[in-house]
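Enquirer: Here it is, the structure in full.
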Amino acid sequence: MLGGGLEWLSLSYFLYSLVLALGMMVSLPYWLYQILRHGKYRSGFAERLGRVPGRLAAGPQARRVIWVHAVSVGEVLAVSGLVERMLRSFPQHRVVVSTTTDTGQELARKRFGEESVFYFPMDFGFAIRPYLQALQPELVVLAETEFWPNFLRLAHTSGARIAVVNARISDRSWPRYKRFRWALRRMLVHVDVFLAQTPEDSARLQSIGAEAGRVQVTGNLKFDVSLPSPPPIVESLRRSLSAEGAGPVLVCGSTVEDEEPPLLKAFENLRVAHPRAVMILAPRHPERFDDVAILLRQLGIPSFRRSQWHGEGLAGGVLLVDTIGELAALYALADVAFVGGSLVPRGGHNIIEPAQHGVAIVTGNHTENFRDIVALFQSRDAVRIVTLAELPLTLMQLLADDAERRALGRCALETIRSQMGATSRALEALQTLIVADSDARAVSAHAAHTD
């Protein structure tokens with residue numbers, strides 16, 4: 001009976017790998033287009049296929065390894081505080097960080113050092129095994145919902161303990177996970193602990209196969225993200241805006257396709273009452289910078305690209321942020337911040353960054369990916385949620401009412417402060433795993449010595 005079960009399980013992983021390979025072959029034209037047109041996925045291609053970079057292999061090999069995986073910028077920011085705490089709490093360990101996206105890789109290298117950062121391998125055995133052999137991780141920490149079947153199985157088989165931190169099941173993913181819970185149950189058994197953001201996430205994890213005893217609610221790490229030292233551009237802009245008497249300032253961050261046109265139309269309306277208003281516009285995806293620059297020219301709106309700005313006056317115009325990693329600090333300049341990915345059905349983006357600056361926040365009504373955070377802010381009157389039609393009037397009302405705008409920003413900052421502490425709780429849970437693993441190693445070594 002057991003042998004038959006193992007054979008079926010091995011077959012299921014083989015079939016999964018086959019389907020994944022076929023899917024990649026079918027979608028090859030899309031990947032080639034993204035590589036040639038936008039330069040995406042070109043960086044780290046060999047690493048994704050299992051070639052361990054020399055900078056990683058050259059690190060200190062004698063120390064035990066903790067492997068942290070954070071997909072993109074948002075996850076890198078979320079785990080940054082946890083990684084810093086792990087480096088202090090586990091000095092006998094080396095902490096390495098993998099990412100999937102280029103933007104996440106760039107930020108991770110800045111935060112943790114190039115010698116400790118690499119691209120996450122594709123979910124094929126031939127790509128994963130070289131990393132497990134080179135690093136021999138004692139603990140693997142996955143951010144949010146990175147459930148890759150082959151990686152989880154092979155990491156577990158290698159002897160690593162596995163933790164999922166900041167775990168969540170979004171409204172968009174929830175129906176799909178429920179359809180495949182029969183497969184997820186067999187996969188999630190490899191995870192030692194799930195540290196969920198909310199009780200609802202905990203319940204959803206358990207319903208798709210996570211054992212109740214392995215799930216804890218520790219809160220959202222993103223509430224603990226500390227503000228980095230602002231880059232020089234922030235002070236340069238502050239001085240320039242003040243010198244020319246420009247303002248108010250509207251910072252529109254993480255915007256996606258089909259959002260810039262209505263935002264720019266709303267900005268044109270704002271300029272009727274505030275002719276020296278400034279918009280700082282930061283598209284979510286770097287490959288869209290050129291397209292948004294073309295749109296600004298077509299609309300005849302005065303604009304400068306951040307990479308080419310040298311102190312020119314911005315009053316009545318737009319600064320297009322075509323750089324990575326500066327948006328969080330630029331929110332400090334805002335009178336009102338709009339957080340994108342939310343006017344169209346894309347699930348929204350994180351509203352915590354502007355809230356950390358005590359800025360009045362406006363976001364669209366498509367925020368499924370951040371349902372709990374947005375609901376919390378909304379319950380405390382700390383955010384304004386608008387439809388596409390409501391956007392222009394809401395912006396004008398906030399900029400016309402100083403008291404309402406400041407109260408909204410103050411409530412946002414107070415909400416952030418009330419939710420802090422997830423990092424400490426996550427670290428405590430990870431310490432338990434490492435201590436348990438160390439005890440198991442000691443028992444095994446003693447038994448081997450006794451034999």
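Ligands are numbered from 1 in the order shown, chains are lettered A, B, ... in the order of the structure tokens, and residues start at 1 in each chain.
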Got a sec: who's within 10 Å of Arg380 in chain A, counting only C-alpha atoms, leaving out chain neighbours fewer than 5 positions off, as a list in words?
Expert: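 Returned residues: Val374, Ala375, Leu408, Cys411, Ala412, Glu414 and Thr415 of chain A.
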Enquirer: Generate a file of the selected residues that holds N, CA and C atoms, formatted as a PDB file, in the first residue's frame.
Expert:
ATOM      1  N   VAL A 374      -6.442  47.281   3.600  1.00  0.00           N
ATOM      2  CA  VAL A 374      -7.346  48.355   3.181  1.00  0.00           C
ATOM      3  C   VAL A 374      -8.567  48.410   4.084  1.00  0.00           C
ATOM      4  N   ALA A 375      -9.111  47.244   4.442  1.00  0.00           N
ATOM      5  CA  ALA A 375     -10.279  47.222   5.335  1.00  0.00           C
ATOM      6  C   ALA A 375      -9.936  47.820   6.691  1.00  0.00           C
ATOM      7  N   LEU A 408      -6.673  62.754   7.795  1.00  0.00           N
ATOM      8  CA  LEU A 408      -6.584  61.480   7.087  1.00  0.00           C
ATOM      9  C   LEU A 408      -5.168  60.915   7.175  1.00  0.00           C
ATOM     10  N   CYS A 411      -4.445  59.716  10.820  1.00  0.00           N
ATOM     11  CA  CYS A 411      -5.067  58.419  11.104  1.00  0.00           C
ATOM     12  C   CYS A 411      -4.299  57.279  10.440  1.00  0.00           C
ATOM     13  N   ALA A 412      -3.771  57.522   9.251  1.00  0.00           N
ATOM     14  CA  ALA A 412      -2.995  56.490   8.556  1.00  0.00           C
ATOM     15  C   ALA A 412      -1.748  56.131   9.355  1.00  0.00           C
ATOM     16  N   GLU A 414      -1.221  56.574  12.596  1.00  0.00           N
ATOM     17  CA  GLU A 414      -1.625  55.917  13.847  1.00  0.00           C
ATOM     18  C   GLU A 414      -2.013  54.454  13.603  1.00  0.00           C
ATOM     19  N   THR A 415      -2.617  54.180  12.464  1.00  0.00           N
ATOM     20  CA  THR A 415      -2.988  52.802  12.130  1.00  0.00           C
ATOM     21  C   THR A 415      -1.747  51.940  11.966  1.00  0.00           C
TER      22      THR A 415
END
Enquirer: Got a sec: who's within 10 Å of Ala429 in chain A, counting only C-alpha atoms, leaving out chain neighbours fewer than 5 positions off, as a PyMOL selection string?
Expert: chain A and resi 163+165+193-195+216+218+423-424+434
Enquirer: Could you tell me, as JSON, numbers by chain, which residues of range 54-157 of chain A DSSP assigns to strand (DSSP E or B) when given the backbone?
Expert: {"A": [64, 65, 66, 67, 68, 69, 93, 94, 95, 96, 97, 98, 99, 117, 118, 119, 137, 138, 139, 140, 141, 142, 143]}
Enquirer: Can you write just those residues out, N, CA and C atoms, as a PDB file, in the first residue's frame?
Expert:
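The resulting file, selection-v3.pdb, is reproduced below:
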ATOM      1  N   ARG A  64      26.320  27.646   8.706  1.00  0.00           N
ATOM      2  CA  ARG A  64      25.032  27.101   8.296  1.00  0.00           C
ATOM      3  C   ARG A  64      24.234  28.179   7.566  1.00  0.00           C
ATOM      4  N   VAL A  65      23.355  27.770   6.680  1.00  0.00           N
ATOM      5  CA  VAL A  65      22.699  28.705   5.758  1.00  0.00           C
ATOM      6  C   VAL A  65      21.195  28.785   6.015  1.00  0.00           C
ATOM      7  N   ILE A  66      20.692  30.011   5.974  1.00  0.00           N
ATOM      8  CA  ILE A  66      19.258  30.270   5.930  1.00  0.00           C
ATOM      9  C   ILE A  66      18.963  30.877   4.558  1.00  0.00           C
ATOM     10  N   TRP A  67      18.088  30.246   3.813  1.00  0.00           N
ATOM     11  CA  TRP A  67      17.724  30.707   2.470  1.00  0.00           C
ATOM     12  C   TRP A  67      16.365  31.393   2.560  1.00  0.00           C
ATOM     13  N   VAL A  68      16.325  32.682   2.246  1.00  0.00           N
ATOM     14  CA  VAL A  68      15.087  33.463   2.252  1.00  0.00           C
ATOM     15  C   VAL A  68      14.699  33.753   0.808  1.00  0.00           C
ATOM     16  N   HIS A  69      13.454  33.466   0.444  1.00  0.00           N
ATOM     17  CA  HIS A  69      12.981  33.776  -0.909  1.00  0.00           C
ATOM     18  C   HIS A  69      11.880  34.835  -0.854  1.00  0.00           C
ATOM     19  N   HIS A  93      24.901  31.716  11.389  1.00  0.00           N
ATOM     20  CA  HIS A  93      24.317  31.390  10.100  1.00  0.00           C
ATOM     21  C   HIS A  93      24.666  32.435   9.047  1.00  0.00           C
ATOM     22  N   ARG A  94      24.702  31.988   7.822  1.00  0.00           N
ATOM     23  CA  ARG A  94      24.768  32.882   6.667  1.00  0.00           C
ATOM     24  C   ARG A  94      23.361  32.982   6.078  1.00  0.00           C
ATOM     25  N   VAL A  95      22.878  34.195   5.833  1.00  0.00           N
ATOM     26  CA  VAL A  95      21.544  34.400   5.269  1.00  0.00           C
ATOM     27  C   VAL A  95      21.694  34.808   3.805  1.00  0.00           C
ATOM     28  N   VAL A  96      21.092  34.035   2.903  1.00  0.00           N
ATOM     29  CA  VAL A  96      21.103  34.360   1.477  1.00  0.00           C
ATOM     30  C   VAL A  96      19.668  34.614   1.042  1.00  0.00           C
ATOM     31  N   VAL A  97      19.514  35.446   0.014  1.00  0.00           N
ATOM     32  CA  VAL A  97      18.182  35.876  -0.415  1.00  0.00           C
ATOM     33  C   VAL A  97      18.033  35.671  -1.919  1.00  0.00           C
ATOM     34  N   SER A  98      16.941  35.038  -2.318  1.00  0.00           N
ATOM     35  CA  SER A  98      16.636  34.885  -3.741  1.00  0.00           C
ATOM     36  C   SER A  98      15.404  35.709  -4.082  1.00  0.00           C
ATOM     37  N   THR A  99      15.327  36.151  -5.339  1.00  0.00           N
ATOM     38  CA  THR A  99      14.146  36.848  -5.840  1.00  0.00           C
ATOM     39  C   THR A  99      13.792  36.280  -7.209  1.00  0.00           C
ATOM     40  N   VAL A 117      22.847  37.464  -2.752  1.00  0.00           N
ATOM     41  CA  VAL A 117      21.565  37.544  -3.456  1.00  0.00           C
ATOM     42  C   VAL A 117      21.671  36.869  -4.819  1.00  0.00           C
ATOM     43  N   PHE A 118      20.622  36.158  -5.221  1.00  0.00           N
ATOM     44  CA  PHE A 118      20.623  35.441  -6.490  1.00  0.00           C
ATOM     45  C   PHE A 118      19.193  35.259  -6.974  1.00  0.00           C
ATOM     46  N   TYR A 119      19.045  34.798  -8.211  1.00  0.00           N
ATOM     47  CA  TYR A 119      17.717  34.543  -8.781  1.00  0.00           C
ATOM     48  C   TYR A 119      17.218  33.162  -8.373  1.00  0.00           C
ATOM     49  N   PRO A 137      20.979  24.400   2.859  1.00  0.00           N
ATOM     50  CA  PRO A 137      20.296  25.260   3.839  1.00  0.00           C
ATOM     51  C   PRO A 137      19.723  24.470   5.012  1.00  0.00           C
ATOM     52  N   GLU A 138      19.879  25.036   6.164  1.00  0.00           N
ATOM     53  CA  GLU A 138      19.255  24.460   7.356  1.00  0.00           C
ATOM     54  C   GLU A 138      17.796  24.892   7.452  1.00  0.00           C
ATOM     55  N   LEU A 139      17.537  26.119   6.989  1.00  0.00           N
ATOM     56  CA  LEU A 139      16.187  26.677   7.060  1.00  0.00           C
ATOM     57  C   LEU A 139      15.900  27.411   5.751  1.00  0.00           C
ATOM     58  N   VAL A 140      14.710  27.166   5.186  1.00  0.00           N
ATOM     59  CA  VAL A 140      14.235  27.895   4.010  1.00  0.00           C
ATOM     60  C   VAL A 140      13.033  28.733   4.433  1.00  0.00           C
ATOM     61  N   VAL A 141      13.077  30.026   4.166  1.00  0.00           N
ATOM     62  CA  VAL A 141      12.004  30.941   4.541  1.00  0.00           C
ATOM     63  C   VAL A 141      11.399  31.515   3.267  1.00  0.00           C
ATOM     64  N   LEU A 142      10.128  31.235   3.045  1.00  0.00           N
ATOM     65  CA  LEU A 142       9.427  31.708   1.850  1.00  0.00           C
ATOM     66  C   LEU A 142       8.464  32.820   2.239  1.00  0.00           C
ATOM     67  N   ALA A 143       8.451  33.897   1.468  1.00  0.00           N
ATOM     68  CA  ALA A 143       7.572  35.023   1.767  1.00  0.00           C
ATOM     69  C   ALA A 143       6.229  34.872   1.061  1.00  0.00           C
TER      70      ALA A 143
END
Enquirer: Can you tell me, as a ChimeraX atom specification, which residues in range 39-157 of chain A count as helix (DSSP H, G or I) by DSSP?
Expert: /A:45-48,54-57,73-89,102-112,114-116,125-135,149-157
Enquirer: Produce a table with one row for each residue of range 48-125 of chain A that has an atom at most 12 Å from any atom of range 166-181 of chain A, each row naming the nearest atom pair and its distance in Å at one decimal; use only C-alpha atoms; arrange rows by chain and rising residue number; format as CSV.
Expert:
residue,atom,partner,partner_atom,distance
A:His69,CA,A:Asn166,CA,11.9
A:Ala70,CA,A:Asn166,CA,10.7
A:Gly74,CA,A:Asn166,CA,11.5
A:Glu75,CA,A:Asn166,CA,9.0
A:Val76,CA,A:Asn166,CA,11.7
A:Leu77,CA,A:Asn166,CA,11.8
A:Ala78,CA,A:Asn166,CA,8.2
A:Val79,CA,A:Asn166,CA,8.6
A:Leu82,CA,A:Asn166,CA,10.7
Enquirer: Give the answer as one residue: which of A:Val19, A:Val344, A:Met187, A:Ala108 has the shortest atom-to-atom distance to Glu259 in chain A, using only C-alpha atoms?
Expert: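 Residue with the minimum atom-to-atom distance to Glu259 in chain A: A:Val344.
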Enquirer: Using Å and a single decimal, report how far CA of Trp182 in chain A sits from CA of Asp123 in chain A.
Expert: 19.8 Å
Enquirer: From the list A:Pro149, A:Gly113, A:Pro232, A:Gly317, which residue is nearest Leu56 in chain A when using only C-alpha atoms?
Expert: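 Of the candidates, the smallest distance to Leu56 in chain A is held by A:Gly113.
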Enquirer: Give me the residues within 8 Å of range 260-268 of chain A as a VMD selection string, counting only C-alpha atoms and dropping any in the same chain fewer than 4 places off.
Expert: chain A and resid 255 to 256 272 279 292 295 388 391 to 392
Enquirer: I need the chosen residues saved as a PDB file, in the first residue's frame, with N, CA, C and O atoms.
Expert:
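Contents of again19.pdb, as written:
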ATOM      1  N   THR A 255       1.416  52.819 -10.508  1.00  0.00           N
ATOM      2  CA  THR A 255       0.327  52.844 -11.479  1.00  0.00           C
ATOM      3  C   THR A 255       0.541  51.785 -12.559  1.00  0.00           C
ATOM      4  O   THR A 255       1.672  51.416 -12.869  1.00  0.00           O
ATOM      5  N   VAL A 256      -0.565  51.305 -13.108  1.00  0.00           N
ATOM      6  CA  VAL A 256      -0.510  50.271 -14.139  1.00  0.00           C
ATOM      7  C   VAL A 256      -1.218  50.769 -15.395  1.00  0.00           C
ATOM      8  O   VAL A 256      -1.812  51.848 -15.424  1.00  0.00           O
ATOM      9  N   VAL A 272      -6.575  73.731 -12.769  1.00  0.00           N
ATOM     10  CA  VAL A 272      -7.465  74.887 -12.902  1.00  0.00           C
ATOM     11  C   VAL A 272      -7.497  75.665 -11.600  1.00  0.00           C
ATOM     12  O   VAL A 272      -7.389  76.900 -11.586  1.00  0.00           O
ATOM     13  N   MET A 279       2.618  66.762 -10.173  1.00  0.00           N
ATOM     14  CA  MET A 279       2.376  65.323 -10.029  1.00  0.00           C
ATOM     15  C   MET A 279       3.711  64.593 -10.131  1.00  0.00           C
ATOM     16  O   MET A 279       4.487  64.833 -11.050  1.00  0.00           O
ATOM     17  N   VAL A 292       4.657  55.693 -20.926  1.00  0.00           N
ATOM     18  CA  VAL A 292       4.050  56.789 -20.165  1.00  0.00           C
ATOM     19  C   VAL A 292       4.663  58.129 -20.581  1.00  0.00           C
ATOM     20  O   VAL A 292       3.967  59.145 -20.649  1.00  0.00           O
ATOM     21  N   LEU A 295       2.873  59.151 -23.630  1.00  0.00           N
ATOM     22  CA  LEU A 295       1.531  59.624 -23.286  1.00  0.00           C
ATOM     23  C   LEU A 295       1.564  61.068 -22.791  1.00  0.00           C
ATOM     24  O   LEU A 295       0.723  61.892 -23.177  1.00  0.00           O
ATOM     25  N   LEU A 388     -13.434  55.128 -10.465  1.00  0.00           N
ATOM     26  CA  LEU A 388     -12.840  55.954 -11.511  1.00  0.00           C
ATOM     27  C   LEU A 388     -13.557  57.293 -11.622  1.00  0.00           C
ATOM     28  O   LEU A 388     -12.923  58.348 -11.767  1.00  0.00           O
ATOM     29  N   LEU A 391     -12.733  59.750  -8.583  1.00  0.00           N
ATOM     30  CA  LEU A 391     -11.343  60.158  -8.364  1.00  0.00           C
ATOM     31  C   LEU A 391     -11.117  61.667  -8.443  1.00  0.00           C
ATOM     32  O   LEU A 391     -10.574  62.259  -7.503  1.00  0.00           O
ATOM     33  N   PRO A 392     -11.510  62.357  -9.536  1.00  0.00           N
ATOM     34  CA  PRO A 392     -11.183  63.790  -9.638  1.00  0.00           C
ATOM     35  C   PRO A 392     -11.762  64.621  -8.501  1.00  0.00           C
ATOM     36  O   PRO A 392     -11.067  65.469  -7.924  1.00  0.00           O
TER      37      PRO A 392
END
Enquirer: Nearest to Thr100 in chain A: which of A:Met122, A:Leu15, A:Leu299, A:Ile324 is it, counting only C-alpha atoms?
Expert: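 Of A:Met122, A:Leu15, A:Leu299, A:Ile324, the one nearest Thr100 in chain A is A:Met122, counting only C-alpha atoms.
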Enquirer: Tell me which of A:Ser202, A:Ser43, A:Asn365, A:Asn350 sits closest to Arg284 in chain A, counting only C-alpha atoms.
Expert: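 Closest to Arg284 in chain A of all the choices is A:Asn350.
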Enquirer: Which residue gives the smallest distance to Arg129 in chain A among A:Arg51, A:Phe223, A:Arg111, A:Phe90, with only C-alpha atoms counted?
Expert: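 Using only C-alpha atoms, Arg129 in chain A sits closest to A:Arg51.
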Enquirer: Could you pull the residues within 10 Å of Ala293 in chain A, counting only C-alpha atoms, minus those fewer than 4 positions along the same chain, as a ChimeraX atom specification?
Expert: /A:288-289,297-298,303-305,319-320,322
Enquirer: In terms of the shortest atom-to-atom distance over only C-alpha atoms, which of A:Arg405, A:Ser242, A:Asp291, A:His310 is closest to Val278 in chain A?
Expert: A:Ser242
Enquirer: How many Å lie between CA of Leu154 in chain A and CA of Phe124 in chain A, rounded to one decimal?
Expert: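 Those two atoms sit 9.9 Å apart.
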Enquirer: Just to confirm, what's the straight-line distance from CA of Ala407 in chain A to CA of Leu393 in chain A in Å (one decimal)?
Expert: 18.3 Å
